[in-house]
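Comments concern the structure below.
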Amino acid sequence: MSLLELNDVSTGYGHFQALFNINLRIEEGETHAVIGANGAGKSTLLRTICGLLRTEAEKVRFDGRPVGQLPPNKRVGLGISYVPEGRWVFPSLTVAENLMVGAHSRRTGMWTMDKVYELFPLLSRLRQRQAFSLSGGEQQALAIGRGLMSNPRLLLLDEVSLGLAPVVVEKIYEAMPAIIKSGTTVLLVEQDVGQAIRFADRITCMLEGRQVLEGSPKEISNEEIFAAYFGV
Amino acid sequence: MATPLKVERYTRASRIALPVVAAVIIAAATIPAWGSSSVIKQGVTFLTLVALGQMWNLLAGYGGLVSVGQQAFVGIGAYTLWVFSEKVGINPFFCVPIAGIVAALFAFPTAGLAFRLRGGYFAVGTWVIAEVYRLLVTLISWLGGGSGVSINSARGFSPTTRQAFVFWWALAVAVGSIALVYLILRSRRGVALTAIRDDEVGARSLGVNLTRSKLWVFVIAAFGTGATGAVIYLNLLRVGPEAGFSLQWSALMIFAVVIGGLGTIEGPILGAIIFFGLQQLLADYGTWYLIVLGAIAALVVVFAKKGLWGAIYRRWPADLLPVRRRLCLETVCFPEEAPPAQPPQYPIVQADNLSGEQPPAPSPGPGA
Amino acid sequence: MIWVNDIIQGILLGGLYALFAAGLSLVFGVMRLVNLAHGDFGVMAAYISLAIVGSLHVNPFYTILMVMVVMAIFGYAVQRGLLNFAMDAGPLQAILATFGIAIIIQNVLLERFTANSKGLDAGAIETAVIKLSNQVVIGWFPLVTAIVSVIVLLGLQFFLGRTRMGRAFRATADNQRAAQLMGIDNRHLYGMAMAFALTIVAIGGVFIGIRTTFNPSAGPMRLIFAYEAVIIGGLGSLWGTLVGGIILGVAQVLGDHAQQGWGILVGHLVFLALLAFRPQGLFAKQVQ
C-alpha cells in the first residue's frame, strides 16, 4: 500500500479545470518531485493533497484512508504537512511562536524546536524576531521548519525557490538531506528542475494540468524532461 | 455587409411586465378615492417601506455600503419638513423634495467621515454619525429638543385631502425610488456599480472609480431616504429625535431588502410585502414581528444570499425590470434570456481564497 | 481641582469602555467580523444577572461567574450555529447576520422584561467613596470596575501571548488559511473567540448594569462606545484600546461637566475629530 494515492483526480477553481485525471502513487520514505512550467497545475496538485481543495473522498487516499473530503486541519493530524507557495508565515508572531503554532496538531516525533534550529541555524538567532521582519530566505526556512513541527509523514513543499536568490535557495536545499534522512516522505513542487531532480527518487512532469512524464531521474534523459516540460 | 450586433435590454417578461406595472400604479393612485382611512394609512406605510428598501438596496446591494445609520436621513427629512413648513411657512406637501435635498447635503459630510472606514467599521461609523445628528436635535431647543415637534401646518387641510396627498406622495416616492434605481443601473455608472457589486477588486482594476461611484450612491440614497422620511412624517404628523432617528428605520429597510433579495430591484419590493404582511399578521403580539423578521433575515442572508427573489428567480427566471445588457445577433441573444444558473463544476474554495492573505483589514484608512 | 476629579472619573469610566471594546476587538482581530450585536450581548448579560439575582436573591457580584459561563456557551453556539455560515456567505452577509441578532436580542428582552429601565443593586459599595480632598472623591465601585478591567486586559494579554490557544488566535488573525494548515480548526476557533469575547462582555455588562440603569435598547450605545474606544486606540492594540476608552470616558465626563447632557455628544465629536485627522488610530499596530 502506498502512503499517498491519487486516483483519477480532476479538479479546479469554479468553472476552470486545473487538473485532468491525475494518478499518483507515493511510497513511504520516497522523495518525489513534481516539475512543470507555470500554470501546469503543480500547486493545485499539492493543494488537493493538503486539503485546501477538496475532491471526492476516495480520490485521495492517505495511508489507505480516503481523505479527499477532509479539511486541511484534519489532514495535518493524520500527518500531511503543506509548506505553501509564498510561505505564509504568521507575520506578527515571532519565529519561536511560528514554530509553536506549527506544533499545534500535537503530533510527536523527532522534530522539535531544537531540531529545527539545528536544521536551520540561521533561525536560531532570530527566535524572538517577528516574522514580518525576516528576509525571504529566512521566511522560507521558517515555513519549512514550521511544517516539520507537526512531524509529518508526508511533507509537501511548494515552490521553495520561488522569488529567492540562487545562493539562498542553495542554503535552504542544504536542509533536504537531513529531512529525507529523518524518514519523512517528501513531495516537492519546483519550477527549478535542477534542484528538483537532485534529491528526488522519482519525478513527475506536468503540462497543462496533465501528467506527461513519470519515472526515476536516472532513467530519464534531460532531453525527455525538456520535451515534457515545454510540451514540444 | 455584416449583420449588425445589437445590445438588447428588454426581455420577454419585461415587455409584459411594464404595462402591468403601469396599470398597477394607476390603480393604486385611485385608492384615496375609495379606500378607507386605515387602508390609506397602511398603504402609506407600505409604500414608504418600499422606497426605504430601494434606497438601502442601492447602497448595500449595489454600492457595497452596509450602512446602519440611514435613520439619520429619515430624521433629517422629518425635521426638514418641520422646519420648512412651520418655520419658513412653505406648504408641507412641497417640503418633500426639499427634505430630499437637505438630506443629500448632509450626506456629503457624513460620507466624508464614514468613508474613512470600511466594511463593518463603516456600518458602525454611519451609526455613530446618526447618533450625533439625533443628539444635536435633542440638544438644540430651537428644534423642539427631546420632546419633539408637531407638523401643525398639515392639519390645516381637511383629513381626506391631506390623506390623499400623503398617499400620492408615498406612491410617488415608492415608484420614484424604483425608477431611480432602475435608471441608475441602466446608466454607465450603473454598470460600474454592478461591477463593484460582483467583484470590487476586479472593478477597480478596470478603472472604475470606486470612491466617486460610492459617494454618488450614498448621496442619492440619502436623497431618497430623506424625501421618504418627510412623507412618513406627513403621515404621522409628530416627530421626536428618538423616533425620527431610531435604529428601527435601519432594521426596517435592512430586513425588507435582505429577505426580499439583496442586489435586485424586485427583491426589496417583495421584501416589503413580506415585512408588511408579517407586521399585520403579528400586530397583536407586540414586537414579535421584529423578532421573527430578524430571525428570517439572519437565516436568509446566510443560507439564501439572494433572498426570496433570488430563489424565485432561480426557479422561474424572468427579469421584470431588466437592467442587464445582452448582445443580440438577429434573433439570437447572449446571454440567453435568463439562462438556468449553472452549478459550479468544482464545489470548492474560491480561487481568491487561495492567496492565503486575509482580506484587507477594514480598518480606518483612506477610501471606502 | 474639580477638573482633576472629572478626569479621574473619566479614566475610571474609560476602563469600563475598554472592557467592552476588548471583546469587540478580539472578535474583529481573529475573524474580521464586526459584531453589531456586541452591545446587546452586554445588555443581555445584565438581564441574565438580573434574573439570577431575582431568583437567588444574591448580590449581583456573585452572579458574574454564572453569567460568564452562560454567555460563553451562548457565544460559542451562535458562532458555530449561524455566524460561521454567515462568514462563509461573505463579509457583508456576516455583518447583516449580526445586525439581525442585535434586533432579535433587543426585542426579546423587550418582550420578556418590558421597556422599563432596570438596575442591579450591589449594595453599599455603590455609594462608598474614598475622599481624597473636598473636591476629589473617588467612588469605590468605579475604582473596582477599573481595576477589574485592567486585570481582565492583562489576563487577555497573557492568554494571547502565552497559551497555545492564544497563539492559535493570533495565527488565525494573521493568516487563517495558513493557520488551518497547522491543524487549527478555524470553525471551532471562531466559536472559542466568540465565547471569550462574550465572557469579557459578560463582566462588562454586569458592571455597567450596577453602575447605571439599563433597558432593552441600551445595547447600541454600548456597542458604539466600545467601537469608538477601539478606533481611537487603533485596531489590534489592546493597550491602545484602553487609552481609547479613557479618552472617550474623559471626554464624556468633561463634556457633561461643561454643559449638562452634552457628554455623550462631546465623546462622539472627539471620536469623529480623531477619525478625521488620524484615521489609523493613536496606537495602530504596525505589521506589514
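For the C-alpha cells, the naming scheme is as follows: chains receive sequential letters (A, B, ...) according to their order of presentation, residues are indexed from 1 within each chain, and ligands are indexed from 1 in presentation order.
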**OP:** Could you give me the residues within segment 69-240 of chain C that DSSP places in strand (DSSP E or B), as a ChimeraX atom specification?
**Re:** /C:118,129-131,137-139,214
Subject >> In segment 7-125 of chain A, DSSP alpha helix (DSSP H) residues written as a PyMOL selection string >> reply: chain A and resi 42-50+72-78+95-102+113-119+121-124
Write the residues of the preceding selection, restricted to N, CA and C atoms, as a short mmCIF file (atom, residue, chain, number, x, y, z; two decimals), in the first residue's frame.
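After the write, again_1.cif holds the following:
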```
data_model
loop_
_atom_site.label_atom_id
_atom_site.label_comp_id
_atom_site.auth_asym_id
_atom_site.auth_seq_id
_atom_site.Cartn_x
_atom_site.Cartn_y
_atom_site.Cartn_z
N LYS A 42 0.84 22.25 -10.79
CA LYS A 42 1.63 21.64 -9.72
C LYS A 42 1.10 22.05 -8.34
N SER A 43 0.90 23.36 -8.17
CA SER A 43 0.42 23.82 -6.86
C SER A 43 -0.98 23.32 -6.58
N THR A 44 -1.81 23.28 -7.62
CA THR A 44 -3.16 22.76 -7.45
C THR A 44 -3.10 21.32 -6.95
N LEU A 45 -2.15 20.57 -7.47
CA LEU A 45 -1.99 19.18 -7.05
C LEU A 45 -1.71 19.12 -5.54
N LEU A 46 -0.77 19.95 -5.08
CA LEU A 46 -0.44 19.94 -3.64
C LEU A 46 -1.62 20.42 -2.81
N ARG A 47 -2.33 21.39 -3.32
CA ARG A 47 -3.49 21.88 -2.56
C ARG A 47 -4.57 20.83 -2.45
N THR A 48 -4.67 19.98 -3.46
CA THR A 48 -5.64 18.89 -3.39
C THR A 48 -5.21 17.87 -2.35
N ILE A 49 -3.92 17.69 -2.23
CA ILE A 49 -3.43 16.70 -1.27
C ILE A 49 -3.54 17.22 0.17
N CYS A 50 -3.25 18.54 0.35
CA CYS A 50 -3.25 19.05 1.73
C CYS A 50 -4.65 19.44 2.20
N PRO A 72 -8.05 20.84 5.69
CA PRO A 72 -6.61 20.78 5.93
C PRO A 72 -6.26 20.48 7.38
N ASN A 73 -7.01 21.10 8.33
CA ASN A 73 -6.63 20.92 9.73
C ASN A 73 -6.73 19.46 10.17
N LYS A 74 -7.67 18.69 9.56
CA LYS A 74 -7.78 17.27 9.89
C LYS A 74 -6.64 16.50 9.25
N ARG A 75 -6.25 16.90 8.04
CA ARG A 75 -5.19 16.16 7.35
C ARG A 75 -3.84 16.33 8.05
N VAL A 76 -3.64 17.50 8.67
CA VAL A 76 -2.40 17.71 9.41
C VAL A 76 -2.30 16.67 10.52
N GLY A 77 -3.43 16.44 11.17
CA GLY A 77 -3.46 15.47 12.26
C GLY A 77 -3.07 14.08 11.80
N LEU A 78 -3.36 13.76 10.52
CA LEU A 78 -3.01 12.44 10.00
C LEU A 78 -1.56 12.38 9.58
N VAL A 95 9.47 34.14 15.48
CA VAL A 95 9.93 32.89 14.89
C VAL A 95 9.57 31.71 15.79
N ALA A 96 9.87 31.87 17.08
CA ALA A 96 9.58 30.78 18.02
C ALA A 96 8.08 30.48 18.05
N GLU A 97 7.28 31.54 18.04
CA GLU A 97 5.83 31.32 18.09
C GLU A 97 5.32 30.66 16.81
N ASN A 98 5.89 31.05 15.68
CA ASN A 98 5.53 30.39 14.43
C ASN A 98 5.76 28.89 14.54
N LEU A 99 6.91 28.53 15.11
CA LEU A 99 7.21 27.10 15.24
C LEU A 99 6.25 26.43 16.22
N MET A 100 5.93 27.13 17.31
CA MET A 100 4.99 26.55 18.28
C MET A 100 3.63 26.31 17.64
N VAL A 101 3.19 27.27 16.82
CA VAL A 101 1.90 27.08 16.14
C VAL A 101 2.00 25.90 15.18
N GLY A 102 3.20 25.72 14.60
CA GLY A 102 3.40 24.58 13.71
C GLY A 102 3.17 23.25 14.41
N MET A 113 11.55 21.97 18.41
CA MET A 113 12.09 23.29 18.11
C MET A 113 13.61 23.25 18.01
N ASP A 114 14.23 22.54 18.94
CA ASP A 114 15.69 22.49 18.92
C ASP A 114 16.20 21.87 17.63
N LYS A 115 15.53 20.79 17.20
CA LYS A 115 15.95 20.11 15.96
C LYS A 115 15.81 21.05 14.76
N VAL A 116 14.75 21.82 14.77
CA VAL A 116 14.54 22.74 13.65
C VAL A 116 15.62 23.81 13.64
N TYR A 117 15.97 24.31 14.84
CA TYR A 117 17.04 25.31 14.90
C TYR A 117 18.38 24.71 14.45
N GLU A 118 18.55 23.41 14.74
CA GLU A 118 19.75 22.72 14.31
C GLU A 118 19.78 22.61 12.79
N LEU A 119 18.59 22.32 12.23
CA LEU A 119 18.46 22.17 10.78
C LEU A 119 18.71 23.50 10.07
N PRO A 121 20.30 26.75 11.19
CA PRO A 121 20.98 27.55 12.22
C PRO A 121 20.65 29.03 12.10
N LEU A 122 20.34 29.49 10.88
CA LEU A 122 20.08 30.93 10.74
C LEU A 122 18.84 31.36 11.52
N LEU A 123 17.94 30.39 11.78
CA LEU A 123 16.71 30.75 12.52
C LEU A 123 16.98 30.93 14.01
N SER A 124 17.98 30.23 14.51
CA SER A 124 18.09 30.16 15.97
C SER A 124 18.44 31.51 16.59
#
```
**OP:** Give the residues of chain C that lie within 7 Å of chain A; count only C-alpha atoms, and format the answer as a list in words.
**Re:** Arg167, Ala168, Ala171, Asp174, Asn175, Ala178, Gln180, Leu181, Met182, Gly183, Ile184, Asp185, Val287 and Gln288 of chain C
Go ahead and save the picked residues with N, CA and C atoms, as a PDB file, in the first residue's frame.
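File written: again_32.pdb
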```pdb
ATOM      1  N   ARG C 167      -2.058  31.681  20.971  1.00  0.00           N
ATOM      2  CA  ARG C 167      -1.221  31.749  19.771  1.00  0.00           C
ATOM      3  C   ARG C 167      -2.034  31.372  18.538  1.00  0.00           C
ATOM      4  N   ALA C 168      -2.908  30.364  18.709  1.00  0.00           N
ATOM      5  CA  ALA C 168      -3.749  29.951  17.581  1.00  0.00           C
ATOM      6  C   ALA C 168      -4.652  31.118  17.152  1.00  0.00           C
ATOM      7  N   ALA C 171      -2.396  33.494  15.267  1.00  0.00           N
ATOM      8  CA  ALA C 171      -2.024  32.930  13.971  1.00  0.00           C
ATOM      9  C   ALA C 171      -3.182  33.055  12.993  1.00  0.00           C
ATOM     10  N   ASP C 174      -3.579  36.461  11.718  1.00  0.00           N
ATOM     11  CA  ASP C 174      -2.583  36.786  10.699  1.00  0.00           C
ATOM     12  C   ASP C 174      -2.924  36.178   9.349  1.00  0.00           C
ATOM     13  N   ASN C 175      -3.230  34.902   9.350  1.00  0.00           N
ATOM     14  CA  ASN C 175      -3.479  34.204   8.094  1.00  0.00           C
ATOM     15  C   ASN C 175      -4.289  32.952   8.387  1.00  0.00           C
ATOM     16  N   ALA C 178      -3.307  29.640   6.493  1.00  0.00           N
ATOM     17  CA  ALA C 178      -2.064  29.058   6.991  1.00  0.00           C
ATOM     18  C   ALA C 178      -2.309  28.413   8.350  1.00  0.00           C
ATOM     19  N   GLN C 180      -4.998  27.045   9.365  1.00  0.00           N
ATOM     20  CA  GLN C 180      -5.673  25.775   9.122  1.00  0.00           C
ATOM     21  C   GLN C 180      -4.664  24.694   8.721  1.00  0.00           C
ATOM     22  N   LEU C 181      -3.646  25.130   7.988  1.00  0.00           N
ATOM     23  CA  LEU C 181      -2.613  24.182   7.562  1.00  0.00           C
ATOM     24  C   LEU C 181      -1.767  23.700   8.732  1.00  0.00           C
ATOM     25  N   MET C 182      -1.860  24.408   9.858  1.00  0.00           N
ATOM     26  CA  MET C 182      -1.127  23.980  11.052  1.00  0.00           C
ATOM     27  C   MET C 182      -1.984  23.063  11.914  1.00  0.00           C
ATOM     28  N   GLY C 183      -3.186  22.768  11.439  1.00  0.00           N
ATOM     29  CA  GLY C 183      -4.063  21.895  12.201  1.00  0.00           C
ATOM     30  C   GLY C 183      -5.057  22.633  13.072  1.00  0.00           C
ATOM     31  N   ILE C 184      -5.146  23.949  12.879  1.00  0.00           N
ATOM     32  CA  ILE C 184      -6.087  24.720  13.684  1.00  0.00           C
ATOM     33  C   ILE C 184      -7.470  24.662  13.032  1.00  0.00           C
ATOM     34  N   ASP C 185      -8.428  24.157  13.774  1.00  0.00           N
ATOM     35  CA  ASP C 185      -9.795  24.048  13.268  1.00  0.00           C
ATOM     36  C   ASP C 185     -10.435  25.426  13.387  1.00  0.00           C
ATOM     37  N   VAL C 287       2.173  46.162  11.365  1.00  0.00           N
ATOM     38  CA  VAL C 287       2.647  44.883  10.858  1.00  0.00           C
ATOM     39  C   VAL C 287       2.479  44.923   9.352  1.00  0.00           C
ATOM     40  N   GLN C 288       3.546  44.588   8.662  1.00  0.00           N
ATOM     41  CA  GLN C 288       3.452  44.675   7.205  1.00  0.00           C
ATOM     42  C   GLN C 288       2.693  43.477   6.645  1.00  0.00           C
TER      43      GLN C 288
END
```
Subject >> Exercise answer, chain A residues close to chain B, 9 Å and only C-alpha atoms, as a ChimeraX atom specification >> reply: /A:11-17,52-55,84,86,88
Same residues, C-alpha atoms, saved as a PDB file, in the first residue's frame:
```pdb
ATOM      1  CA  THR A  11     -10.243  19.476 -10.054  1.00  0.00           C
ATOM      2  CA  GLY A  12     -10.102  23.215 -10.485  1.00  0.00           C
ATOM      3  CA  TYR A  13     -11.401  26.556  -9.381  1.00  0.00           C
ATOM      4  CA  GLY A  14     -15.048  27.287 -10.097  1.00  0.00           C
ATOM      5  CA  HIS A  15     -15.507  26.695 -13.801  1.00  0.00           C
ATOM      6  CA  PHE A  16     -11.820  26.476 -14.523  1.00  0.00           C
ATOM      7  CA  GLN A  17     -10.377  22.988 -14.611  1.00  0.00           C
ATOM      8  CA  LEU A  52      -7.112  23.434   0.563  1.00  0.00           C
ATOM      9  CA  LEU A  53      -9.022  21.962  -2.361  1.00  0.00           C
ATOM     10  CA  ARG A  54     -11.421  19.129  -1.760  1.00  0.00           C
ATOM     11  CA  THR A  55     -12.444  16.304  -4.019  1.00  0.00           C
ATOM     12  CA  PRO A  84       2.719  26.766   0.971  1.00  0.00           C
ATOM     13  CA  GLY A  86       4.577  32.186  -0.834  1.00  0.00           C
ATOM     14  CA  TRP A  88       2.547  32.249   4.572  1.00  0.00           C
TER      15      TRP A  88
END
```
Original post:
Could you state the separation of atom CA of Met206 of chain A and atom CA of Ile35 of chain A in Å, given to one decimal place?
Top reply: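 Taking atom CA of Met206 of chain A as the start and atom CA of Ile35 of chain A as the end point, the length is 6.2 Å.
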**OP:** Define the interface residues of chain C facing chain B as those within 7 Å, counting only C-alpha atoms, and report them as a list in words.
**Re:**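 Here is what falls inside 7 Å: Val34, Phe85, Ala86, Ala89, Gln93, Ile95, Leu96, Ala97, Gly100, Ile101, Ile103, Ile104, Asn107, Val108, Asn175, Gln176, Arg177, Ala178, Ile224, Leu265, His268, Leu275, Ala276, Pro279 and Gln280 of chain C.
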**OP:** Just give me the gap between atom CA of Leu49 of chain B and atom CA of Met253 of chain B in Å, one decimal is fine.
**Re:** 6.9 Å
Original post:
What is the distance between atom CA of Glu242 of chain B and atom CA of Ile269 of chain B, in Å to one decimal?
Top reply: 27.1 Å
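Comparing A:Leu154, A:Val186, A:Ala57, A:Gly137 by their smallest distance to Val167 of chain A, the closest is A:Gly137 (using only C-alpha atoms).
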Subject >> Residue neighbourhood Ser117 of chain C, 6 Å, only C-alpha atoms, exclusion window fewer than 5 positions, as a list in words >> reply: Thr213, Phe214 and Asn215 of chain C
Original post:
What lies within 12 Å of Ala227 of chain A using only C-alpha atoms, ignoring chain neighbours under 3 positions off, as a PyMOL selection string?
Top reply: chain A and resi 36-37+205-207+212-213+220-224+230-232
